[in-house]
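See below for structure17.txt, which holds compact mmCIF, C-alpha atoms.
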# COMPACT_ATOMS: atom_id res chain seq x y z
CA MET U 13 105.96 67.64 115.69
CA SER U 14 109.28 68.69 114.28
CA VAL U 15 112.17 69.79 116.44
CA ARG U 16 112.21 73.50 117.29
CA ILE U 17 115.24 75.48 116.12
CA VAL U 18 116.35 78.03 118.71
CA ILE U 19 119.30 80.35 118.14
CA ASP U 20 121.07 83.16 119.95
CA SER U 21 120.37 85.67 117.20
CA LEU U 22 123.40 87.95 117.64
CA ASN U 23 125.81 85.02 117.97
CA PHE U 24 124.19 83.48 114.89
CA VAL U 25 125.02 86.62 112.89
CA ARG U 26 128.50 86.91 114.41
CA ASP U 27 129.21 83.31 113.36
CA ALA U 28 127.64 83.84 109.90
CA GLY U 29 125.24 81.03 110.75
CA VAL U 30 123.04 79.28 108.22
CA ARG U 31 120.09 77.00 108.97
CA HIS U 32 117.96 75.36 106.32
CA GLY U 33 115.43 72.62 106.12
CA LYS U 34 111.78 71.77 105.65
CA ILE U 35 108.78 72.53 107.84
CA SER U 36 105.58 70.49 107.72
CA LEU U 37 102.47 72.63 107.50
CA ILE U 38 101.01 70.59 110.34
CA ASP U 39 103.67 72.15 112.62
CA LEU U 40 102.59 75.71 111.82
CA LYS U 41 99.66 75.85 114.25
CA ARG U 42 98.77 79.52 113.74
CA LEU U 43 98.19 78.83 110.03
CA HIS U 44 95.75 75.97 110.58
CA ASP U 45 92.58 78.13 110.48
CA LEU U 46 93.57 79.44 107.06
CA LEU U 47 94.57 76.10 105.54
CA PHE U 48 92.23 73.93 103.50
CA ASP U 49 94.36 70.97 104.56
CA GLN U 50 97.60 70.57 106.48
CA ASN U 51 99.38 68.44 103.89
CA GLY U 52 102.68 69.59 102.51
CA GLU U 53 105.81 71.32 103.62
CA LEU U 54 107.79 74.48 103.03
CA THR U 55 111.53 74.84 102.58
CA PHE U 56 113.45 77.54 104.39
CA GLN U 57 116.88 79.03 104.85
CA VAL U 58 117.90 81.52 107.53
CA THR U 59 121.25 83.27 107.18
CA GLY U 60 122.88 85.53 109.75
CA GLN U 61 124.60 88.45 108.08
CA LEU U 62 125.46 92.12 108.37
CA ASP U 63 123.67 94.68 106.22
CA GLU U 64 125.43 97.40 104.19
CA ASN U 65 125.77 99.50 107.38
CA ASP U 66 127.31 96.58 109.33
CA LYS U 67 124.13 96.10 111.38
CA PRO U 68 123.24 92.50 112.28
CA GLY U 69 120.26 90.84 110.69
CA LEU U 70 118.65 87.65 109.51
CA TYR U 71 117.93 86.91 105.86
CA LEU U 72 114.95 84.56 105.47
CA GLU U 73 113.97 82.58 102.40
CA ILE U 74 110.79 80.51 102.51
CA GLN U 75 109.33 78.66 99.52
CA GLY U 76 106.62 76.14 98.85
CA ASN U 77 102.92 75.67 98.20
CA MET U 78 100.00 75.37 100.54
CA GLN U 79 96.28 74.98 100.11
CA LEU U 80 94.39 77.86 101.71
CA THR U 81 90.63 78.04 102.24
CA CYS U 82 88.88 80.55 99.98
CA GLN U 83 86.84 82.92 102.15
CA ARG U 84 84.22 83.23 99.41
CA CYS U 85 83.46 79.60 98.50
CA LEU U 86 85.34 77.70 101.27
CA GLY U 87 87.07 75.71 98.54
CA LYS U 88 90.73 74.88 98.03
CA LEU U 89 92.99 77.70 96.87
CA LEU U 90 96.61 77.05 95.89
CA HIS U 91 98.94 79.65 97.40
CA CYS U 92 102.61 79.86 96.45
CA VAL U 93 104.84 81.00 99.30
CA ASP U 94 107.91 82.89 98.15
CA VAL U 95 109.25 85.01 101.01
CA ASN U 96 112.64 86.68 100.80
CA THR U 97 113.18 89.22 103.56
CA PHE U 98 115.90 90.76 105.68
CA LEU U 99 115.17 91.52 109.33
CA LEU U 100 117.45 93.84 111.25
CA LEU U 101 118.25 92.75 114.79
CA ALA U 102 117.70 95.56 117.30
CA LYS U 103 119.72 95.18 120.49
CA SER U 104 117.21 97.06 122.68
CA GLU U 105 113.62 98.31 122.71
CA MET U 106 114.92 101.86 122.16
CA GLU U 107 116.85 100.77 119.06
CA LEU U 108 113.79 98.86 117.83
CA ASN U 109 111.62 101.98 118.21
CA GLN U 110 114.23 104.04 116.35
CA VAL U 111 114.30 101.54 113.48
CA ASP U 112 110.49 101.63 113.31
CA GLU U 113 110.62 105.42 112.88
CA ASP U 114 113.22 105.26 110.11
CA ASP U 115 112.46 104.22 106.57
CA THR U 116 114.46 101.01 106.93
CA PRO U 117 113.85 97.29 106.60
CA ASP U 118 111.77 95.51 109.20
CA ALA U 119 113.38 94.83 112.53
CA ILE U 120 112.92 92.44 115.42
CA LEU U 121 114.38 92.44 118.89
CA ALA U 122 117.55 90.36 119.13
CA ALA U 123 117.10 87.46 121.52
CA PRO U 124 119.33 84.77 123.02
CA ASP U 125 116.54 82.24 122.42
CA LEU U 126 114.94 83.13 119.07
CA ASP U 127 112.70 80.35 117.75
CA ILE U 128 113.31 80.16 114.00
CA ILE U 129 110.11 78.20 113.30
CA ASP U 130 108.00 80.87 115.04
CA LEU U 131 109.83 83.58 113.08
CA ILE U 132 109.18 81.75 109.81
CA GLU U 133 105.51 81.33 110.69
CA ASP U 134 105.29 85.07 111.46
CA GLU U 135 106.74 85.94 108.06
CA ILE U 136 104.36 83.56 106.25
CA LEU U 137 101.36 85.09 108.04
CA LEU U 138 102.54 88.60 107.15
CA SER U 139 102.94 87.61 103.50
CA LEU U 140 99.36 86.35 103.08
CA PRO U 141 96.73 88.48 101.38
CA ILE U 142 94.27 90.26 103.66
CA SER U 143 91.36 88.43 102.06
CA VAL U 144 92.17 84.92 100.87
CA ARG U 145 89.91 84.15 97.95
CA HIS U 146 89.82 83.02 94.35
CA ALA U 147 89.87 85.59 91.59
CA GLU U 148 86.43 86.74 90.44
CA GLY U 149 84.69 83.92 88.59
CA GLU U 150 87.05 81.16 89.79
CA CYS U 151 85.18 80.04 92.91
CA SER U 152 83.68 76.59 93.02
CA ILE U 153 80.22 78.01 93.78
CA PRO U 154 78.32 80.24 91.37
CA SER U 155 78.44 83.97 92.03
CA SER U 156 75.45 85.66 93.67
CA ARG U 157 74.49 87.18 90.29
CA GLU U 158 74.41 83.68 88.73
CA ASN U 159 72.30 82.46 91.66
CA ILE U 160 69.78 85.30 91.11
CA ILE U 161 69.57 84.61 87.36
CA ASN U 162 69.19 80.86 87.93
CA SER U 163 66.50 81.32 90.59
CA LYS U 164 64.52 83.68 88.30
CA THR U 165 64.86 81.24 85.40
CA ASN U 166 63.77 78.31 87.58
CA SER U 167 60.73 80.22 88.87
CA LEU U 168 59.62 80.96 85.29
CA HIS U 169 59.89 77.30 84.25
CA PRO U 170 58.06 75.05 86.70

Please re-express this file's structure in structure tokens.
Amino acid sequence: MSVRIVIDSLNFVRDAGVRHGKISLIDLKRLHDLLFDQNGELTFQVTGQLDENDKPGLYLEIQGNMQLTCQRCLGKLLHCVDVNTFLLLAKSEMELNQVDEDDTPDAILAAPDLDIIDLIEDEILLSLPISVRHAEGECSIPSSRENIINSKTNSLHP
């Protein structure tokens, strides 16, 4: 298991902090059920910065490839991760609720012990499609229509 990266989020922004590195897919436990295999790694960079209104936030960049499991055929499906997002840091629950009501970027509650790896895993999970599957006709098993045609053809020819 890789080392966890924990930051004081507001101090990180105040200090214009930057963290970058690589995360092994095997360390992203909440993704395991979706992965075809746990080989590979993703690169990331987290930057503490102020937005155009001088509000603190974290800019996340996450890139890499992972093999997901197709929900249709249970085969391997290459998924390219390319997440670039800015998360405002709300200083209180009330501020967080206010941000949720506004038409603004996503926000999280500022914390003195924010786990960057957990945050990255959250953003990867949010970026995934609702239904992970190959495009029509690309699955490794024939479609149900092909199965019906083949079974009818096979029953006609003993």

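Interatomic distance, atom CA of Gln50 of chain U to atom CA of Asp127 of chain U: 21.2 Å.
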
Compile the contact shell of Gln57 of chain U as a PDB file with C-alpha atoms, in the coordinates of the input: residues with an atom at most 9 Å away, counting all atoms listed in the file, same-chain residues fewer than 6 positions apart removed.
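Result file around-v2.pdb:
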ATOM      1  CA  VAL U  30     123.040  79.280 108.220  1.00  0.00           C
ATOM      2  CA  ARG U  31     120.090  77.000 108.970  1.00  0.00           C
ATOM      3  CA  HIS U  32     117.960  75.360 106.320  1.00  0.00           C
ATOM      4  CA  GLY U  33     115.430  72.620 106.120  1.00  0.00           C
ATOM      5  CA  LYS U  34     111.780  71.770 105.650  1.00  0.00           C
ATOM      6  CA  TYR U  71     117.930  86.910 105.860  1.00  0.00           C
ATOM      7  CA  LEU U  72     114.950  84.560 105.470  1.00  0.00           C
ATOM      8  CA  GLU U  73     113.970  82.580 102.400  1.00  0.00           C
ATOM      9  CA  ILE U  74     110.790  80.510 102.510  1.00  0.00           C
TER      10      ILE U  74
END

Enumerate, in order of chain and increasing residue number, the residues of segment 44-118 of chain U with an atom no farther than 8 Å from segment 18-27 of chain U, each with its shortest atom pair and distance in Å to one decimal, counting all atoms listed in the file, as a Markdown table.
| residue | atom | partner | partner_atom | distance |
| --- | --- | --- | --- | --- |
| U:Thr59 | CA | U:Val25 | CA | 7.6 |
| U:Gly60 | CA | U:Val25 | CA | 4.0 |
| U:Gln61 | CA | U:Val25 | CA | 5.2 |
| U:Leu62 | CA | U:Val25 | CA | 7.1 |
| U:Pro68 | CA | U:Val25 | CA | 6.2 |
| U:Gly69 | CA | U:Val25 | CA | 6.7 |
| U:Leu70 | CA | U:Val25 | CA | 7.3 |
| U:Leu101 | CA | U:Leu22 | CA | 7.6 |

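You will find atom CA of Val95 of chain U at 17.7 Å from atom CA of Leu46 of chain U.
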
In Å and to one decimal, atom CA of Gly87 of chain U is distant from atom CA of Leu131 of chain U by 28.1 Å

Of the listed residues U:Gln110, U:Thr81, U:Thr55, U:Ser104, that which approaches Ser143 of chain U most closely, counting only C-alpha atoms:
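For Ser143 of chain U, the nearest of the candidates is U:Thr81.
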
For Cys92 of chain U: contacts at 7 Å, all atoms listed in the file, fewer than 4 positions along chain excluded, given as a short mmCIF file (atom, residue, chain, number, x, y, z; two decimals) with C-alpha atoms, in the coordinates of the input:
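Output file part-v5.cif is given in full below:
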data_model
loop_
_atom_site.label_atom_id
_atom_site.label_comp_id
_atom_site.auth_asym_id
_atom_site.auth_seq_id
_atom_site.Cartn_x
_atom_site.Cartn_y
_atom_site.Cartn_z
CA GLY U 76 106.62 76.14 98.85
CA ASN U 77 102.92 75.67 98.20
CA MET U 78 100.00 75.37 100.54
#

Would you kindly identify which residues have an atom no farther than 12 Å from (105.8, 74.3, 111.6), using all atoms listed in the file and the file's own coordinates, and write them out as an MDAnalysis selection string?
chainID U and resid 13:17 33:44 50:56 127:134 136

Output for the residues just chosen: C-alpha atoms as a compact mmCIF listing (two decimals), keeping the file's coordinate frame:
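What follows is the written file again38.txt:
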# COMPACT_ATOMS: atom_id res chain seq x y z
CA MET U 13 105.96 67.64 115.69
CA SER U 14 109.28 68.69 114.28
CA VAL U 15 112.17 69.79 116.44
CA ARG U 16 112.21 73.50 117.29
CA ILE U 17 115.24 75.48 116.12
CA GLY U 33 115.43 72.62 106.12
CA LYS U 34 111.78 71.77 105.65
CA ILE U 35 108.78 72.53 107.84
CA SER U 36 105.58 70.49 107.72
CA LEU U 37 102.47 72.63 107.50
CA ILE U 38 101.01 70.59 110.34
CA ASP U 39 103.67 72.15 112.62
CA LEU U 40 102.59 75.71 111.82
CA LYS U 41 99.66 75.85 114.25
CA ARG U 42 98.77 79.52 113.74
CA LEU U 43 98.19 78.83 110.03
CA HIS U 44 95.75 75.97 110.58
CA GLN U 50 97.60 70.57 106.48
CA ASN U 51 99.38 68.44 103.89
CA GLY U 52 102.68 69.59 102.51
CA GLU U 53 105.81 71.32 103.62
CA LEU U 54 107.79 74.48 103.03
CA THR U 55 111.53 74.84 102.58
CA PHE U 56 113.45 77.54 104.39
CA ASP U 127 112.70 80.35 117.75
CA ILE U 128 113.31 80.16 114.00
CA ILE U 129 110.11 78.20 113.30
CA ASP U 130 108.00 80.87 115.04
CA LEU U 131 109.83 83.58 113.08
CA ILE U 132 109.18 81.75 109.81
CA GLU U 133 105.51 81.33 110.69
CA ASP U 134 105.29 85.07 111.46
CA ILE U 136 104.36 83.56 106.25

So which residues touch Leu89 of chain U within 6 Å, counting only C-alpha atoms, skipping near sequence neighbours fewer than 6 positions away, as a list in words?
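Counting only the stated atoms, we get Gln79, Leu80, Thr81 and Cys82 of chain U.
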
Top pick for closest residue to Ala102 of chain U, considering U:Lys88, U:Ala119, U:Glu64, U:Glu148 and counting all atoms listed in the file:
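Using all atoms listed in the file, the shortest distance to Ala102 of chain U belongs to U:Ala119.
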